[in-house]
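As stored in target-v3.cif (mmCIF, C-alpha atoms):
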data_final
loop_
_atom_site.label_atom_id
_atom_site.label_comp_id
_atom_site.auth_asym_id
_atom_site.auth_seq_id
_atom_site.Cartn_x
_atom_site.Cartn_y
_atom_site.Cartn_z
CA MET A 114 -19.71 10.79 20.27
CA ASN A 115 -18.50 7.55 18.74
CA LYS A 116 -19.15 6.75 15.10
CA ILE A 117 -21.67 3.97 15.75
CA LEU A 118 -23.79 6.40 17.76
CA VAL A 119 -23.46 8.99 14.97
CA GLY A 120 -24.67 6.33 12.51
CA LEU A 121 -27.63 5.38 14.72
CA VAL A 122 -28.70 9.02 15.32
CA PHE A 123 -28.43 10.12 11.69
CA GLY A 124 -29.91 6.82 10.47
CA LEU A 125 -32.90 7.47 12.71
CA ILE A 126 -33.32 11.10 11.58
CA LEU A 127 -32.74 10.59 7.86
CA GLY A 128 -34.79 7.38 7.86
CA ALA A 129 -37.69 9.18 9.53
CA VAL A 130 -37.47 12.11 7.08
CA ASP A 131 -37.31 9.71 4.12
CA GLY A 132 -40.32 7.79 5.49
CA ALA A 133 -42.22 11.04 6.04
CA THR A 134 -42.12 11.76 2.28
CA ALA A 135 -44.73 8.98 1.94
CA TRP A 136 -47.19 11.69 3.07
CA PHE A 137 -46.99 13.22 -0.43
CA TYR A 138 -48.54 10.07 -1.97
CA PRO A 139 -52.30 9.81 -1.33
CA GLU A 140 -52.25 5.98 -1.30
CA THR A 141 -49.62 5.85 1.48
CA ARG A 142 -50.65 8.97 3.45
CA SER A 143 -52.69 6.97 5.93
CA LEU A 144 -49.75 4.62 6.55
CA VAL A 145 -47.12 7.33 7.03
CA GLY A 146 -46.57 6.58 10.74
CA GLY A 147 -45.73 2.91 10.14
CA ILE A 148 -43.58 3.78 7.12
CA MET A 149 -41.62 6.32 9.20
CA VAL A 150 -40.97 3.73 11.92
CA GLY A 151 -39.88 1.09 9.37
CA SER A 152 -37.73 3.57 7.47
CA SER A 153 -36.12 4.77 10.73
CA ILE A 154 -35.24 1.20 11.69
CA LYS A 155 -33.76 0.64 8.21
CA GLY A 156 -31.75 3.87 8.55
CA MET A 157 -30.49 2.86 11.99
CA VAL A 158 -29.32 -0.55 10.72
CA VAL A 159 -27.46 1.15 7.85
CA GLY A 160 -26.09 3.69 10.37
CA LEU A 161 -24.91 0.91 12.67
CA ILE A 162 -23.04 -0.84 9.85
CA SER A 163 -21.64 2.43 8.46
CA GLY A 164 -20.55 3.55 11.94
CA TRP A 165 -18.87 0.21 12.61
CA PHE A 166 -17.10 0.46 9.25
CA ALA A 167 -16.07 4.11 9.89
CA ARG A 168 -14.43 3.11 13.18
CA ARG A 169 -12.14 0.78 11.27
CA VAL A 170 -11.61 2.52 7.95
CA GLN A 171 -11.14 6.29 7.69
CA SER A 172 -12.04 6.93 4.07
CA LEU A 173 -14.81 9.26 2.93
CA LYS A 174 -15.07 7.48 -0.42
CA TRP A 175 -15.39 3.98 1.05
CA GLY A 176 -17.70 5.24 3.79
CA ILE A 177 -20.09 6.56 1.13
CA VAL A 178 -19.77 3.34 -0.90
CA VAL A 179 -20.54 1.13 2.13
CA GLY A 180 -23.46 3.34 3.29
CA ALA A 181 -24.95 3.50 -0.22
CA SER A 182 -24.55 -0.27 -0.75
CA PHE A 183 -26.28 -1.23 2.48
CA GLY A 184 -28.92 1.48 1.95
CA LEU A 185 -29.63 -0.07 -1.43
CA LEU A 186 -29.64 -3.62 -0.04
CA PHE A 187 -32.08 -2.88 2.78
CA ALA A 188 -34.27 -0.77 0.50
CA PHE A 189 -34.40 -3.75 -1.89
CA LEU A 190 -35.47 -6.03 0.97
CA VAL A 191 -38.26 -3.58 1.83
CA ALA A 192 -39.34 -3.16 -1.81
CA VAL A 193 -39.41 -6.91 -2.52
CA ASN A 194 -41.83 -7.37 0.39
CA ASP A 195 -44.03 -4.44 -0.61
CA THR A 196 -46.56 -3.92 -3.37
CA MET A 197 -48.02 -0.66 -4.69
CA ASN A 198 -50.79 -0.79 -7.29
CA GLY A 199 -49.98 -4.45 -7.88
CA ARG A 200 -46.24 -4.08 -8.43
CA HIS A 201 -43.07 -3.89 -6.33
CA PRO A 202 -42.02 -0.21 -5.86
CA TYR A 203 -38.33 -0.86 -6.48
CA LEU A 204 -37.57 2.56 -7.98
CA GLU A 205 -39.58 4.53 -5.39
CA ILE A 206 -37.89 2.84 -2.41
CA MET A 207 -34.45 1.82 -3.65
CA THR A 208 -33.36 5.12 -5.26
CA PRO A 209 -33.90 7.29 -2.15
CA GLY A 210 -32.63 4.42 0.05
CA PHE A 211 -29.39 4.40 -1.91
CA VAL A 212 -28.90 8.19 -1.52
CA VAL A 213 -29.87 8.21 2.18
CA GLY A 214 -27.40 5.35 2.79
CA ALA A 215 -24.68 7.37 1.05
CA MET A 216 -25.47 10.36 3.29
CA ILE A 217 -25.27 8.19 6.42
CA GLY A 218 -21.94 6.80 5.17
CA PHE A 219 -20.65 10.35 4.65
CA LEU A 220 -21.77 11.52 8.10
CA THR A 221 -20.26 8.55 9.94
CA GLN A 222 -16.93 9.28 8.27
CA ARG A 223 -17.01 13.01 8.89
CA LEU A 224 -18.39 13.07 12.43
CA GLY A 225 -17.60 11.20 15.64
CA THR A 226 -14.37 9.87 17.04
CA PRO A 227 -12.66 6.84 15.47
CA ARG A 228 -11.80 3.78 17.52
CA ARG A 229 -8.57 4.04 19.57
CA VAL A 230 -5.95 1.51 18.48
CA GLN A 231 -4.78 -0.56 21.45
CA MET A 232 -1.08 -1.06 22.12
CA GLY A 233 0.20 -4.15 20.30
CA GLU A 234 -2.90 -4.36 18.13
CA LYS A 235 -2.25 -5.12 14.48
CA MET B 109 61.35 35.35 -7.43
CA GLU B 110 57.99 36.80 -8.49
CA VAL B 111 54.78 35.01 -7.61
CA SER B 112 51.75 35.57 -9.80
CA ASP B 113 48.40 36.62 -8.35
CA SER B 114 46.79 33.32 -9.29
CA ILE B 115 49.42 31.37 -7.39
CA LEU B 116 48.97 33.65 -4.39
CA ASP B 117 45.22 33.15 -4.50
CA HIS B 118 45.70 29.42 -4.68
CA LEU B 119 48.08 29.48 -1.70
CA ARG B 120 45.62 31.60 0.31
CA HIS B 121 42.85 29.17 -0.53
CA VAL B 122 44.90 26.12 0.47
CA ALA B 123 46.01 27.80 3.69
CA SER B 124 42.39 28.49 4.65
CA LEU B 125 41.35 24.85 4.22
CA PRO B 126 41.02 22.95 7.47
CA ASP B 127 43.76 20.50 8.27
CA LEU B 128 41.97 17.22 8.91
CA THR B 129 45.19 15.28 9.51
CA GLY B 130 44.71 12.80 12.31
CA THR B 131 40.98 12.51 11.73
CA ARG B 132 39.16 9.84 9.75
CA TYR B 133 37.97 12.43 7.21
CA GLU B 134 39.27 13.49 3.84
CA LEU B 135 38.24 16.93 2.64
CA GLU B 136 36.31 17.20 -0.64
CA THR B 137 34.73 20.60 -1.37
CA GLU B 138 33.29 23.60 0.40
CA ILE B 139 29.50 23.47 0.34
CA GLY B 140 28.44 26.39 2.48
CA ARG B 141 29.70 29.40 4.35
CA GLY B 142 28.05 31.53 6.95
CA GLY B 143 28.82 33.86 9.82
CA MET B 144 29.25 30.93 12.20
CA GLY B 145 31.54 28.74 10.14
CA VAL B 146 32.22 26.90 6.94
CA VAL B 147 30.74 23.57 5.88
CA TYR B 148 32.64 21.12 3.71
CA ALA B 149 31.74 17.84 2.07
CA ALA B 150 34.20 15.18 3.20
CA ARG B 151 34.72 11.43 3.03
CA ASP B 152 34.70 9.26 6.11
CA CYS B 153 37.60 6.95 5.23
CA GLN B 154 36.71 4.36 7.89
CA LEU B 155 33.08 3.88 6.92
CA GLY B 156 33.47 4.86 3.26
CA ARG B 157 30.63 7.36 3.27
CA ARG B 158 30.31 11.07 2.55
CA VAL B 159 29.66 13.40 5.44
CA ALA B 160 29.40 17.13 6.05
CA ILE B 161 32.12 18.71 8.19
CA LYS B 162 31.41 22.03 9.85
CA ILE B 163 34.36 24.06 11.02
CA VAL B 164 33.63 26.67 13.67
CA ASP B 165 35.58 28.88 16.00
CA ALA B 166 36.49 27.26 19.35
CA SER B 167 34.10 29.65 21.11
CA LEU B 168 31.19 27.98 19.30
CA ALA B 169 32.06 24.42 20.34
CA GLY B 170 28.81 24.24 22.30
CA GLU B 171 26.79 24.16 19.08
CA ALA B 172 27.63 20.49 18.46
CA ARG B 173 26.62 19.58 22.00
CA ILE B 174 23.33 21.42 21.56
CA ILE B 175 22.48 19.63 18.30
CA ALA B 176 23.65 16.28 19.66
CA GLN B 177 20.82 16.52 22.24
CA LEU B 178 18.27 16.79 19.45
CA GLU B 179 17.57 13.40 17.95
CA HIS B 180 14.72 14.08 15.56
CA PRO B 181 13.99 13.08 11.93
CA ALA B 182 14.07 16.75 10.86
CA ILE B 183 17.34 17.59 12.62
CA VAL B 184 20.64 16.64 11.00
CA PRO B 185 22.39 14.11 13.26
CA ILE B 186 25.91 14.77 14.54
CA TYR B 187 28.32 11.84 14.13
CA GLU B 188 31.43 13.14 15.85
CA ASN B 189 33.21 16.28 16.96
CA GLY B 190 36.83 17.20 17.54
CA VAL B 191 39.50 19.88 17.54
CA LEU B 192 41.77 20.73 14.59
CA PRO B 193 45.52 21.45 14.97
CA ASP B 194 44.74 25.19 14.61
CA ASP B 195 42.35 24.93 17.63
CA ARG B 196 39.25 25.38 15.53
CA VAL B 197 36.45 22.93 16.26
CA PHE B 198 34.94 20.58 13.71
CA TYR B 199 31.96 18.33 13.80
CA ALA B 200 30.93 15.68 11.33
CA MET B 201 27.28 15.26 10.48
CA LYS B 202 25.00 13.64 7.94
CA LEU B 203 25.49 15.11 4.47
CA VAL B 204 22.08 16.25 3.32
CA THR B 205 21.58 16.24 -0.41
CA GLY B 206 18.74 18.45 -1.50
CA ARG B 207 17.89 22.09 -1.90
CA ARG B 208 17.61 25.03 0.42
CA LEU B 209 14.00 25.94 1.09
CA ASP B 210 14.21 29.33 -0.63
CA LEU B 211 15.47 27.63 -3.80
CA TYR B 212 13.07 24.71 -3.47
CA ILE B 213 9.93 26.85 -3.40
CA ALA B 214 11.14 28.95 -6.33
CA GLY B 215 9.76 26.10 -8.46
CA SER B 216 6.09 25.28 -8.73
CA VAL B 217 5.30 23.91 -5.26
CA SER B 218 1.69 23.36 -4.17
CA LEU B 219 0.22 25.05 -1.09
CA ALA B 220 -0.24 21.63 0.54
CA GLU B 221 3.47 20.88 0.07
CA ARG B 222 4.44 24.29 1.47
CA LEU B 223 2.31 23.61 4.55
CA ARG B 224 3.80 20.11 4.88
CA ILE B 225 7.28 21.63 5.00
CA LEU B 226 6.17 24.21 7.57
CA ARG B 227 4.69 21.40 9.69
CA ARG B 228 7.95 19.41 9.57
CA VAL B 229 9.98 22.49 10.53
CA GLY B 230 7.51 23.32 13.29
CA GLU B 231 7.63 19.78 14.68
CA ALA B 232 11.43 19.93 14.84
CA VAL B 233 11.35 23.32 16.59
CA ALA B 234 8.64 22.16 19.01
CA PHE B 235 10.73 19.08 19.82
CA ALA B 236 13.83 21.25 20.42
CA HIS B 237 11.80 23.46 22.77
CA THR B 238 10.96 20.40 24.89
CA ARG B 239 14.74 19.90 25.24
CA GLY B 240 15.24 23.52 26.25
CA VAL B 241 16.80 24.54 22.92
CA ILE B 242 15.61 27.48 20.86
CA HIS B 243 16.64 27.88 17.25
CA ARG B 244 17.24 31.66 17.20
CA ASP B 245 17.79 31.88 13.45
CA LEU B 246 14.92 30.16 11.68
CA LYS B 247 14.84 31.21 8.02
CA PRO B 248 14.48 29.54 4.60
CA GLN B 249 18.26 29.39 4.19
CA ASN B 250 18.45 27.16 7.28
CA VAL B 251 15.93 24.62 6.01
CA MET B 252 16.88 21.91 3.53
CA VAL B 253 14.46 19.79 1.52
CA GLY B 254 15.96 16.43 0.57
CA GLU B 255 15.47 14.61 -2.70
CA PHE B 256 12.76 12.38 -1.18
CA GLY B 257 10.92 15.31 0.41
CA GLU B 258 12.57 14.98 3.80
CA VAL B 259 12.95 18.28 5.64
CA TYR B 260 15.95 19.27 7.79
CA VAL B 261 16.32 22.28 10.05
CA MET B 262 19.95 23.41 10.30
CA ASP B 263 22.12 25.83 12.32
CA TRP B 264 20.64 25.38 15.76
CA GLY B 265 20.68 27.51 18.86
CA VAL B 266 23.99 29.33 18.81
CA GLU B 267 23.95 32.10 21.41
CA ALA B 268 26.09 34.36 19.21
CA VAL B 269 23.56 34.34 16.41
CA ALA B 270 21.64 37.58 16.21
CA GLY B 271 19.00 36.28 13.82
CA THR B 272 18.20 37.47 10.33
CA ALA B 273 16.25 40.62 9.52
CA GLY B 274 12.70 39.79 8.49
CA PHE B 275 12.74 36.50 10.40
CA ARG B 276 14.07 37.60 13.79
CA ALA B 277 11.60 38.58 16.53
CA PRO B 278 11.88 42.23 17.60
CA GLU B 279 12.44 41.55 21.32
CA PRO B 280 16.07 41.78 22.47
CA ALA B 281 16.04 38.59 24.57
CA LEU B 282 15.07 35.61 22.43
CA ASP B 283 12.95 32.80 23.83
CA ARG B 284 10.47 30.17 22.58
CA ARG B 285 8.02 32.82 21.41
CA SER B 286 10.79 34.29 19.28
CA ASP B 287 10.87 30.98 17.40
CA VAL B 288 7.06 31.27 17.03
CA TYR B 289 7.68 34.67 15.42
CA SER B 290 10.31 33.21 13.07
CA LEU B 291 8.03 30.30 12.17
CA GLY B 292 5.30 32.83 11.34
CA ALA B 293 7.77 34.71 9.15
CA LEU B 294 8.68 31.43 7.49
CA LEU B 295 4.97 30.74 6.86
CA GLN B 296 4.59 34.21 5.34
CA PHE B 297 7.60 33.53 3.14
CA LEU B 298 6.14 30.19 2.04
CA LEU B 299 2.72 31.58 1.13
CA PRO B 300 2.07 32.29 -2.53
CA ILE B 301 0.46 35.61 -3.55
CA SER B 302 -2.91 33.88 -3.89
CA ALA B 303 -2.76 32.40 -0.35
CA PRO B 304 -6.06 32.26 1.56
CA PRO B 305 -6.61 35.04 4.14
CA ALA B 306 -6.85 32.47 6.96
CA LEU B 307 -3.21 31.47 6.43
CA ARG B 308 -2.09 35.09 6.19
CA ALA B 309 -3.89 35.72 9.50
CA ILE B 310 -2.00 32.82 11.12
CA ALA B 311 1.33 34.28 9.97
CA THR B 312 0.30 37.75 11.18
CA LYS B 313 -0.71 36.44 14.60
CA ALA B 314 2.57 34.53 14.97
CA MET B 315 4.50 37.68 14.04
CA ARG B 316 2.86 40.12 16.46
CA THR B 317 5.33 42.54 18.03
CA ASP B 318 4.06 41.76 21.52
CA PRO B 319 5.19 38.19 22.30
CA SER B 320 2.15 37.58 24.54
CA ALA B 321 -0.19 38.29 21.58
CA ARG B 322 1.45 35.52 19.50
CA TYR B 323 0.63 31.83 19.72
CA PRO B 324 1.83 30.62 23.13
CA ASN B 325 3.99 27.94 21.52
CA VAL B 326 4.80 26.23 18.22
CA PRO B 327 2.25 23.37 18.59
CA ALA B 328 -0.53 26.00 18.95
CA LEU B 329 0.55 27.54 15.66
CA LEU B 330 0.68 24.12 13.98
CA ARG B 331 -2.79 23.26 15.32
CA ASP B 332 -4.13 26.38 13.63
CA THR B 333 -2.54 25.53 10.27
CA GLY B 334 -3.89 21.99 10.77
CA ARG B 335 -7.39 23.40 11.25
CA PHE B 336 -7.00 25.26 7.95
CA GLU B 337 -5.90 22.05 6.22
CA ASP B 338 -8.93 20.23 7.65
CA GLY B 339 -11.27 22.92 6.30
CA LEU B 340 -12.08 24.26 9.77
CA ALA B 341 -12.12 27.83 11.09
CA VAL B 342 -8.73 29.06 12.30
CA GLU B 343 -8.20 30.71 15.67
CA ALA B 344 -6.30 33.66 14.16
CA TRP B 345 -9.08 34.92 11.90
CA SER B 346 -12.71 35.81 12.59
CA GLU B 347 -14.03 35.03 9.15
CA PRO B 348 -17.06 36.78 7.62
CA TRP B 349 -20.31 34.74 7.45
CA TRP B 350 -20.14 34.29 3.67
CA HIS B 351 -16.65 32.86 3.98
CA ARG B 352 -17.87 30.47 6.68
CA LEU B 353 -20.67 29.37 4.35
CA GLN B 354 -18.24 28.88 1.49
CA ARG B 355 -15.89 26.84 3.71
CA PHE B 356 -18.81 24.68 4.85
CA GLY B 357 -19.77 24.12 1.21
CA VAL B 358 -16.25 23.12 0.22
CA ARG B 359 -15.81 20.85 3.25
CA ASN B 360 -19.18 19.17 2.81
CA ALA B 361 -19.48 19.27 -0.98
CA ALA B 362 -20.22 15.52 -1.16
CA LEU B 363 -23.06 15.83 1.38
CA LEU B 364 -24.58 18.81 -0.45
CA TRP B 365 -24.45 16.89 -3.74
CA LEU B 366 -26.15 13.92 -2.05
CA LEU B 367 -28.87 16.16 -0.60
CA ALA B 368 -29.43 17.69 -4.02
CA ALA B 369 -29.55 14.20 -5.53
CA TYR B 370 -32.10 13.10 -2.90
CA VAL B 371 -34.37 16.09 -3.54
CA GLY B 372 -33.96 15.61 -7.31
CA VAL B 373 -34.84 11.90 -7.09
CA LYS B 374 -37.91 12.59 -4.96
CA PHE B 375 -39.18 15.29 -7.32
CA LEU B 376 -38.50 13.10 -10.36
CA LEU B 377 -40.35 10.12 -8.85
CA PHE B 378 -43.26 12.35 -7.80
CA PHE B 379 -43.68 13.89 -11.24
CA LEU B 380 -43.08 10.62 -13.14
CA ARG B 381 -45.85 9.08 -11.10
CA ASN B 382 -48.28 11.87 -12.05
CA LEU B 383 -47.55 11.67 -15.79
#

As structure tokens:
Amino acid sequence: MNKILVGLVFGLILGAVDGATAWFYPETRSLVGGIMVGSSIKGMVVGLISGWFARRVQSLKWGIVVGASFGLLFAFLVAVNDTMNGRHPYLEIMTPGFVVGAMIGFLTQRLGTPRRVQMGEK
Amino acid sequence: MEVSDSILDHLRHVASLPDLTGTRYELETEIGRGGMGVVYAARDCQLGRRVAIKIVDASLAGEARIIAQLEHPAIVPIYENGVLPDDRVFYAMKLVTGRRLDLYIAGSVSLAERLRILRRVGEAVAFAHTRGVIHRDLKPQNVMVGEFGEVYVMDWGVEAVAGTAGFRAPEPALDRRSDVYSLGALLQFLLPISAPPALRAIATKAMRTDPSARYPNVPALLRDTGRFEDGLAVEAWSEPWWHRLQRFGVRNAALLWLLAAYVGVKFLLFFLRNL
């Protein structure tokens, strides 16, 4: 399995699991389906970027940094467009988004096959 | 006229030195002596560089031809060979400055470094096997570690060599699997007392008395040590479940920390919200 596919699969799974935790909050319980779909898409985008990065750079540390950074960025974009009790839920969305992104970054580095270097390629 | 013992000793010593007259080399000092010959440091007067000169009996002239076939970074290159006036054979090769493996690991050498050296030795032996050459006498005394960490395997494939006890395979006719045995013995020698059981199992498998129960070839042995280095299960050892769990934890420590952080964050946010 190539690293981009690993990123997409784990982005989907971890995004869905992260979205499913909205069920624990009474005010978002009724919206959990939509949140899971949105969170899965966000996870897949982070997985795509992390997988693309992992094909080019084999470094666990930088994989985690890239995954966490994009997880944080996309979580910020979600939080800035969302309101909960009249405020933006930055902490509630960005903190788990950051950690999930780091996990996706880790998994794309650890699993899957890196890109083959073509003859003559620099 | 009486000749003192010291003068006699000196004369004996001078008489035993090889006569390099007619060659481009100037003898310096003796640097090694073994059953197969004597190695001297010498100066190549044409190129102005130091070389090693090995002097062997004429019956072992084939050794130089064998090594000359093996162009590999971990095999000392032969520059030239020839015959001395006393019919002994000499060959000039790169002078390796460094330490013998047994002396090198007497210092504090990490497990990773020990495995790196084993890998380099194994790669050289595997390469030689592809050229139809077997080493026959792989042991720490035949491995040199240079000052920049380069590894050289010496004393290749002489038919007359009977091997060294503790490193020689038990079968009478030596073949590639005999080198697998010797490489296993070398691994066992390299392992510190606190070595992980997986590595001990690799050495044990390589050193089985029955050649067919050993690794089929050197690359198979190196793949297993590589699996150990990557934190994976090795072929030679069926590890207990708790060891497998521990290995998974070590290999995926970052992921486990991230999972713990995720759960911690979620709990914290949940309880902060309910305060």

One decimal place gives the atom CA of Ala362 of chain B-atom CA of Met216 of chain A separation as 8.6 Å

Segment 126-173 of chain A residues near segment 218-227 of chain A within 10 Å, closest pair each, using only C-alpha atoms, as CSV:
residue,atom,partner,partner_atom,distance
A:Val159,CA,A:Gly218,CA,8.3
A:Gly160,CA,A:Gly218,CA,7.3
A:Leu161,CA,A:Thr221,CA,9.4
A:Ile162,CA,A:Gly218,CA,9.0
A:Ser163,CA,A:Gly218,CA,5.5
A:Gly164,CA,A:Thr221,CA,5.4
A:Trp165,CA,A:Thr221,CA,8.9
A:Phe166,CA,A:Thr221,CA,8.7
A:Ala167,CA,A:Gln222,CA,5.5
A:Arg168,CA,A:Pro227,CA,4.7
A:Arg169,CA,A:Pro227,CA,7.4
A:Val170,CA,A:Gln222,CA,8.6
A:Gln171,CA,A:Gln222,CA,6.5
A:Ser172,CA,A:Gln222,CA,6.9
A:Leu173,CA,A:Gln222,CA,5.7

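Minimum atom-to-atom distances from A:Ile217, A:Ala135, A:Val145, A:Ala181 to Glu205 of chain A were compared using only C-alpha atoms, and the lowest value belongs to A:Ala135.
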
request  = Return as a list in words the residues belonging to chain B that are within 12 Å of chain A, counting only C-alpha atoms.
outcome  =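 Listing them in order of chain and number gives Asp338, Gly339, Arg359, Asn360, Ala361, Ala362, Leu363, Leu364, Trp365, Leu366, Leu367, Ala368, Ala369, Tyr370, Val371, Gly372, Val373, Lys374, Phe375, Leu376, Leu377, Phe378, Phe379, Leu380, Arg381 and Asn382 of chain B.
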
Taking (10.9, 40.3, 8.8) in the file's coordinates, which residues come within 9 Å, counting all atoms listed in the file, written as a list in words?
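Residues lying no farther than 9 Å from the given point: Thr272, Ala273, Gly274, Phe275, Arg276, Ala277, Ser290, Ala293 and Met315 of chain B.
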
Exercise. Considering all atoms listed in the file, return as a ChimeraX atom specification whatever protein or nucleic-acid residues lie within 6 Å of Gly292 of chain B, sequence-local ones (same chain, fewer than 3 positions apart) excluded.
Key: /B:289,295,311,314-315

*asked:* I'd like to see the residues matched by the PyMOL selection byres ((chain B and resi 193-202) around 9) on this file, and ideally I'd get them as a VMD selection string.
replied: chain B and resid 126 to 129 133 150 158 to 169 172 184 to 192 203 to 204

message = I need the output of the PyMOL selection byres ((chain B and resi 310) around 9) for this file as a PyMOL selection string; which residues are they?
response = chain B and resi 292+295-296+305-309+311-315+329+332-333+342-345

Segment 198-201 of chain A: axis-aligned bounding box, 3 Å on each side, centre and edge lengths in Å, one decimal, as lines of an AutoDock Vina configuration file:
center_x = -46.9
center_y = -2.6
center_z = -7.4
size_x = 13.7
size_y = 9.7
size_z = 8.1

From atom CA of Leu118 of chain A to atom CA of Gly147 of chain A the spacing works out at 23.5 Å

In Å and to one decimal, atom CA of Leu223 of chain B is distant from atom CA of His180 of chain B by 19.1 Å

Run through the PyMOL selection byres ((chain B and resi 241-252) around 6) on the given coordinates and return the selected residues as a PyMOL selection string. chain B and resi 207-210+236-237+239-240+253+259-262+264-265+271+290

Hey, which of B:Gly170, B:Pro304, B:Pro319, B:Pro324 ends up closest to Arg355 of chain B? Count only C-alpha atoms.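 Under the stated criterion, the closest residue is B:Pro304.
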
### Message
Can you pull out the residues contacting segment 187-193 of chain A? Cut-off 6 Å, using only C-alpha atoms, and skip same-chain residues under 6 positions away; I want them as a list in words.
### Response
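Contacts, in chain order: His201, Pro202, Tyr203, Ile206, Met207 and Gly210 of chain A.
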
Starting from the incomplete input, reconstruct all heavy atoms of segment 295-300 of chain B and report them as a compact mmCIF listing (two decimals), in the frame of the given file.
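Here's the written file part_39.txt:
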# COMPACT_ATOMS: atom_id res chain seq x y z
N LEU B 295 6.27 31.02 7.50
CA LEU B 295 4.97 30.74 6.86
C LEU B 295 4.65 31.84 5.84
O LEU B 295 4.24 31.56 4.71
CB LEU B 295 3.87 30.65 7.93
CG LEU B 295 2.43 30.58 7.41
CD1 LEU B 295 2.21 29.33 6.56
CD2 LEU B 295 1.43 30.56 8.57
N GLN B 296 4.86 33.09 6.25
CA GLN B 296 4.59 34.21 5.34
C GLN B 296 5.45 34.10 4.08
O GLN B 296 4.98 34.35 2.97
CB GLN B 296 4.88 35.52 6.06
CG GLN B 296 4.30 36.72 5.37
CD GLN B 296 4.45 37.96 6.21
OE1 GLN B 296 5.55 38.32 6.61
NE2 GLN B 296 3.35 38.60 6.51
N PHE B 297 6.69 33.70 4.28
CA PHE B 297 7.60 33.53 3.14
C PHE B 297 7.11 32.41 2.22
O PHE B 297 7.22 32.50 0.99
CB PHE B 297 9.00 33.20 3.68
CG PHE B 297 10.01 32.89 2.61
CD1 PHE B 297 10.66 33.91 1.93
CD2 PHE B 297 10.30 31.58 2.27
CE1 PHE B 297 11.57 33.62 0.92
CE2 PHE B 297 11.21 31.27 1.28
CZ PHE B 297 11.84 32.30 0.60
N LEU B 298 6.56 31.36 2.82
CA LEU B 298 6.14 30.19 2.04
C LEU B 298 4.84 30.43 1.27
O LEU B 298 4.56 29.73 0.30
CB LEU B 298 5.95 28.98 2.96
CG LEU B 298 7.21 28.29 3.46
CD1 LEU B 298 6.87 27.29 4.55
CD2 LEU B 298 7.94 27.59 2.33
N LEU B 299 4.04 31.40 1.73
CA LEU B 299 2.72 31.58 1.13
C LEU B 299 2.81 32.21 -0.26
O LEU B 299 3.49 33.22 -0.44
CB LEU B 299 1.83 32.44 2.03
CG LEU B 299 1.43 31.81 3.36
CD1 LEU B 299 0.57 32.78 4.15
CD2 LEU B 299 0.69 30.50 3.14
N PRO B 300 2.11 31.65 -1.22
CA PRO B 300 2.07 32.29 -2.53
C PRO B 300 1.19 33.54 -2.48
O PRO B 300 0.46 33.75 -1.51
CB PRO B 300 1.44 31.21 -3.42
CG PRO B 300 0.68 30.34 -2.50
CD PRO B 300 1.33 30.41 -1.17
